[in-house]
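Only one structure is covered here, and it is reproduced in the block below.
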Amino acid sequence: MAIWKNPIRRIPIPSEMSVELSDAEDRICGLLDDYVKDTQEDPSSRTVCRIAGGWPRDKLLGSQSNDIDIALSNSMGLAFAEGLASYAHEKGIETGTISKIAQNPEQSKHLETATFKVFELDIDLVNLRSEEYASDSRIPTGISFGTPLQDALRRDLTINALFYNVHSREIEDFTGQGLKDLREGIIRTPLPPRETFLDDPLRVLRCIRFASRLGFDIVPEIEEAARDPIIKKAIVSKVARERVGDELSKMIKGREPLRSIELIHNLSLYNSIYFVIPDNFLSTLSGNPAASSQGFAAASILHHLLENRKQESRNIDLPALHPLYYQALDTDPTCSSRLYLAASVTPFKGLTYLDKKKKEQPVIELVLGESLKLGRQSHFLDGIPLLFTAAESISRSIIETDKLHPTSERVGIGLLLREKSVHNSVTGSHWTSSFLFSIVQELVGVCDVKHDTMNREQAAMIIERYNGFARKVADMKLQDVGEMVHILDGHETVAAVEASSTGPWLAEVRNRVIEWQLEHPEGTKEDCIEWLKEQRRQGHIQVIEVKKQANKRARTK
């Protein structure tokens, strides 16, 4: 049974593409046009203002864009902004404070940019430019005023190289390909791809991101260039890992994360993106990563399980998952992206390395923290390693739930759902998402990723086993057990066992209180206190108090 056949879902493209301005956008264009005409007498040397970047693309596609980047034909951004703000004030138009964004090549800020707010919208102003690059860096070595064509050709994609002339109120396509590619759904570079990628290898990732976001096709020339070992090496040597992680994060949080992972896999870019770690750690790895097809398979299975939730969209012949397993997806907006990113790092599952203290740690943490420089935003760095830990615990535990606890199946299931790796609000983990990820990992285990097949019988058995567990959770009313609080606080617990102070014993007693609550869902606080007292009388609870010793040294002083 073939599994990951993933049709490209293209965004709707208007039959007649045109730019419709909001009231604020229309007023900004009018202000720019008036300012230039009123302050620059010679029409032949007037500054031409064009809106560049993603704004023209998104407007033509019928969507709103809040990035208004003004490209100036013959003026620096800061000087123009100061003059424009002064002119606006004379006309009674309020503007925000002008800020200067300094050059920051690592963040793709190659020129000083002026930014300020007008008509409640933020605008950036910078001059048109031409760039030259060295062979060992994506940071331009030479930047100068450029023509609109030169500025368009230096951009990553033809669809991102369109301009909107605020004076003529028309779209300008200096590459001659941008409008055509937008209509036909094509991802193409203005210059030959290999030249474009050698100048700035980050553009490879941007091609993938926009192809995924828009559902566009990538031209074969881009695919060929992206697979070139020289380009893959340039991604590693010329692009800061923070920038790689930022692009990947945008892909994973975007409209079609699976398409991004699929393209990274198909273009043989996995190692250049995920597996760039310091040599001192690399030499301590416990083994080699699995094939990138494992990551694509896991992401594809996750995608289809999510799609199978919609009965009309079901395209894998497998039983539907119990609705409980979608709970976290409905309540946590970061859950989906975290699951997709976790699925994509499946090739590193089970591998360990030695950290600076020579302690064994999961390689997945190294990939997220060093290769991708991703932090705790969306609980990537702190949440994803726990998904793998939870998956191991879950797959072992739910085979025989009656053996999870010596006396009570309900207690055993409740404690499993409350394990810190399975359910932990601090790291964004919810037991339902942990179980969903465990299902994905088990289904990968019954796939032949090399031949794109899945053992349907084994897969159906896995899903039914998990569905049976979910039915038990629902029948026992344990859906919210992860958030269950102690019926007694610490002081009440100490008083119940007649202790004079707290100590290490208290944590164990509080764990037993949780077990009591699970076994007695209708029990009251008074019932729990009586049970604790009886347990203490019978010697089932040991209270080893630590005597407080006076600080003799303080006394003598």
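Chain labels A, B, ... are given in the sequence in which chains occur in the structure tokens; within each chain residues are numbered consecutively from 1, and ligands are likewise numbered from 1 in the order shown.
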
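Residues lying within 8 Å of range 297-309 of chain A, counting only C-alpha atoms and ignoring same-chain neighbours fewer than 6 positions away, are Ile3, Trp4, Asn6, Leu258, Ile261, Asn315, Ile316, Ala320, Leu321, Leu339, Tyr340, Ala343, Ser344, Thr346, Phe437, Val440, Gln441, Leu443, Val444 and Val449 of chain A.
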
Using N, CA and C atoms, can you write the selected residues to a file as a PDB file, in the first residue's frame?
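What landed in selection-v9.pdb:
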ATOM      1  N   ILE A   3       1.983   5.070   0.388  1.00  0.00           N
ATOM      2  CA  ILE A   3       1.537   6.001   1.422  1.00  0.00           C
ATOM      3  C   ILE A   3       1.663   7.465   1.031  1.00  0.00           C
ATOM      4  N   TRP A   4       2.867   7.969   0.865  1.00  0.00           N
ATOM      5  CA  TRP A   4       2.972   9.426   0.813  1.00  0.00           C
ATOM      6  C   TRP A   4       2.881   9.981  -0.606  1.00  0.00           C
ATOM      7  N   ASN A   6       1.443  13.069  -2.109  1.00  0.00           N
ATOM      8  CA  ASN A   6       0.995  14.346  -1.564  1.00  0.00           C
ATOM      9  C   ASN A   6       0.747  15.352  -2.678  1.00  0.00           C
ATOM     10  N   LEU A 258       4.387  19.991   5.163  1.00  0.00           N
ATOM     11  CA  LEU A 258       4.804  18.718   4.563  1.00  0.00           C
ATOM     12  C   LEU A 258       5.504  18.941   3.230  1.00  0.00           C
ATOM     13  N   ILE A 261       9.121  19.850   3.848  1.00  0.00           N
ATOM     14  CA  ILE A 261       9.923  18.696   4.251  1.00  0.00           C
ATOM     15  C   ILE A 261      10.160  17.773   3.061  1.00  0.00           C
ATOM     16  N   ASN A 315      -7.519   9.911   2.550  1.00  0.00           N
ATOM     17  CA  ASN A 315      -6.833   9.361   1.374  1.00  0.00           C
ATOM     18  C   ASN A 315      -5.827   8.285   1.754  1.00  0.00           C
ATOM     19  N   ILE A 316      -5.897   7.805   3.008  1.00  0.00           N
ATOM     20  CA  ILE A 316      -5.133   6.620   3.400  1.00  0.00           C
ATOM     21  C   ILE A 316      -6.144   5.616   3.931  1.00  0.00           C
ATOM     22  N   ALA A 320      -9.902   5.594  11.268  1.00  0.00           N
ATOM     23  CA  ALA A 320      -9.783   6.958  11.778  1.00  0.00           C
ATOM     24  C   ALA A 320      -9.302   6.926  13.219  1.00  0.00           C
ATOM     25  N   LEU A 321      -8.538   7.930  13.604  1.00  0.00           N
ATOM     26  CA  LEU A 321      -8.077   8.039  14.986  1.00  0.00           C
ATOM     27  C   LEU A 321      -9.222   8.487  15.890  1.00  0.00           C
ATOM     28  N   LEU A 339       4.828  19.304  16.050  1.00  0.00           N
ATOM     29  CA  LEU A 339       4.733  17.908  15.616  1.00  0.00           C
ATOM     30  C   LEU A 339       5.399  17.701  14.263  1.00  0.00           C
ATOM     31  N   TYR A 340       5.213  18.638  13.324  1.00  0.00           N
ATOM     32  CA  TYR A 340       5.835  18.500  12.005  1.00  0.00           C
ATOM     33  C   TYR A 340       7.353  18.572  12.110  1.00  0.00           C
ATOM     34  N   ALA A 343       8.600  15.387  13.600  1.00  0.00           N
ATOM     35  CA  ALA A 343       8.583  14.307  12.612  1.00  0.00           C
ATOM     36  C   ALA A 343       9.776  14.410  11.670  1.00  0.00           C
ATOM     37  N   SER A 344      10.137  15.632  11.295  1.00  0.00           N
ATOM     38  CA  SER A 344      11.225  15.811  10.326  1.00  0.00           C
ATOM     39  C   SER A 344      12.586  15.431  10.888  1.00  0.00           C
ATOM     40  N   THR A 346      13.089  12.810  12.790  1.00  0.00           N
ATOM     41  CA  THR A 346      13.042  11.382  13.099  1.00  0.00           C
ATOM     42  C   THR A 346      14.330  10.642  12.738  1.00  0.00           C
ATOM     43  N   PHE A 437       2.003  11.698  18.420  1.00  0.00           N
ATOM     44  CA  PHE A 437       3.359  11.548  17.893  1.00  0.00           C
ATOM     45  C   PHE A 437       3.845  10.107  18.058  1.00  0.00           C
ATOM     46  N   VAL A 440       2.519   8.143  15.211  1.00  0.00           N
ATOM     47  CA  VAL A 440       3.309   8.401  14.001  1.00  0.00           C
ATOM     48  C   VAL A 440       4.575   7.555  14.003  1.00  0.00           C
ATOM     49  N   GLN A 441       5.284   7.545  15.122  1.00  0.00           N
ATOM     50  CA  GLN A 441       6.538   6.802  15.202  1.00  0.00           C
ATOM     51  C   GLN A 441       6.314   5.304  15.029  1.00  0.00           C
ATOM     52  N   LEU A 443       3.856   3.912  13.325  1.00  0.00           N
ATOM     53  CA  LEU A 443       3.479   3.668  11.931  1.00  0.00           C
ATOM     54  C   LEU A 443       4.696   3.729  11.015  1.00  0.00           C
ATOM     55  N   VAL A 444       5.644   4.615  11.322  1.00  0.00           N
ATOM     56  CA  VAL A 444       6.889   4.633  10.544  1.00  0.00           C
ATOM     57  C   VAL A 444       7.572   3.277  10.643  1.00  0.00           C
ATOM     58  N   VAL A 449      10.151   2.555   3.775  1.00  0.00           N
ATOM     59  CA  VAL A 449      10.267   3.889   3.195  1.00  0.00           C
ATOM     60  C   VAL A 449      10.982   3.868   1.856  1.00  0.00           C
TER      61      VAL A 449
END

Report as a PyMOL selection string all protein, DNA and RNA residues lying within 7 Å of Thr189 in chain A, evaluated on only C-alpha atoms, omitting residues in the same chain fewer than 5 positions from it. chain A and resi 156-158

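For the atom pair formed by CA of Leu368 in chain A and CA of Asp448 in chain A, the distance is 26.6 Å, given to one decimal.
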
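Assigned to strand (DSSP E or B) in range 134-319 of chain A, given DSSP computed from backbone atoms, are Pro140, Thr141, Gly142, Ile143, Ser144, Phe145, Phe163, Tyr164, Asn165, Glu170, Ile171, Glu172, Ile186, Ile187, Asp217 and Ile218 of chain A.
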
Using C-alpha atoms, can you write the selected residues to a file as a CSV table (one decimal), in the first residue's frame?
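For reference, again_28.csv as written:
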chain,number,residue,atom,x,y,z
A,140,PRO,CA,27.7,41.6,-0.5
A,141,THR,CA,31.2,43.0,-0.9
A,142,GLY,CA,30.1,45.8,-3.1
A,143,ILE,CA,26.8,47.7,-2.9
A,144,SER,CA,25.9,50.7,-5.1
A,145,PHE,CA,22.9,52.5,-6.4
A,163,PHE,CA,7.5,46.7,-8.2
A,164,TYR,CA,4.4,48.8,-7.8
A,165,ASN,CA,5.1,52.4,-9.1
A,170,GLU,CA,1.1,50.3,-12.1
A,171,ILE,CA,2.9,47.0,-11.6
A,172,GLU,CA,6.4,47.0,-13.1
A,186,ILE,CA,6.1,29.0,-11.0
A,187,ILE,CA,9.1,29.4,-8.7
A,217,ASP,CA,6.1,24.4,-9.0
A,218,ILE,CA,9.8,24.8,-8.9

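Counting only C-alpha atoms, the residue from A:Val367, A:Leu351, A:Ile514, A:Ala390 that sits nearest to Arg410 in chain A is A:Ile514.
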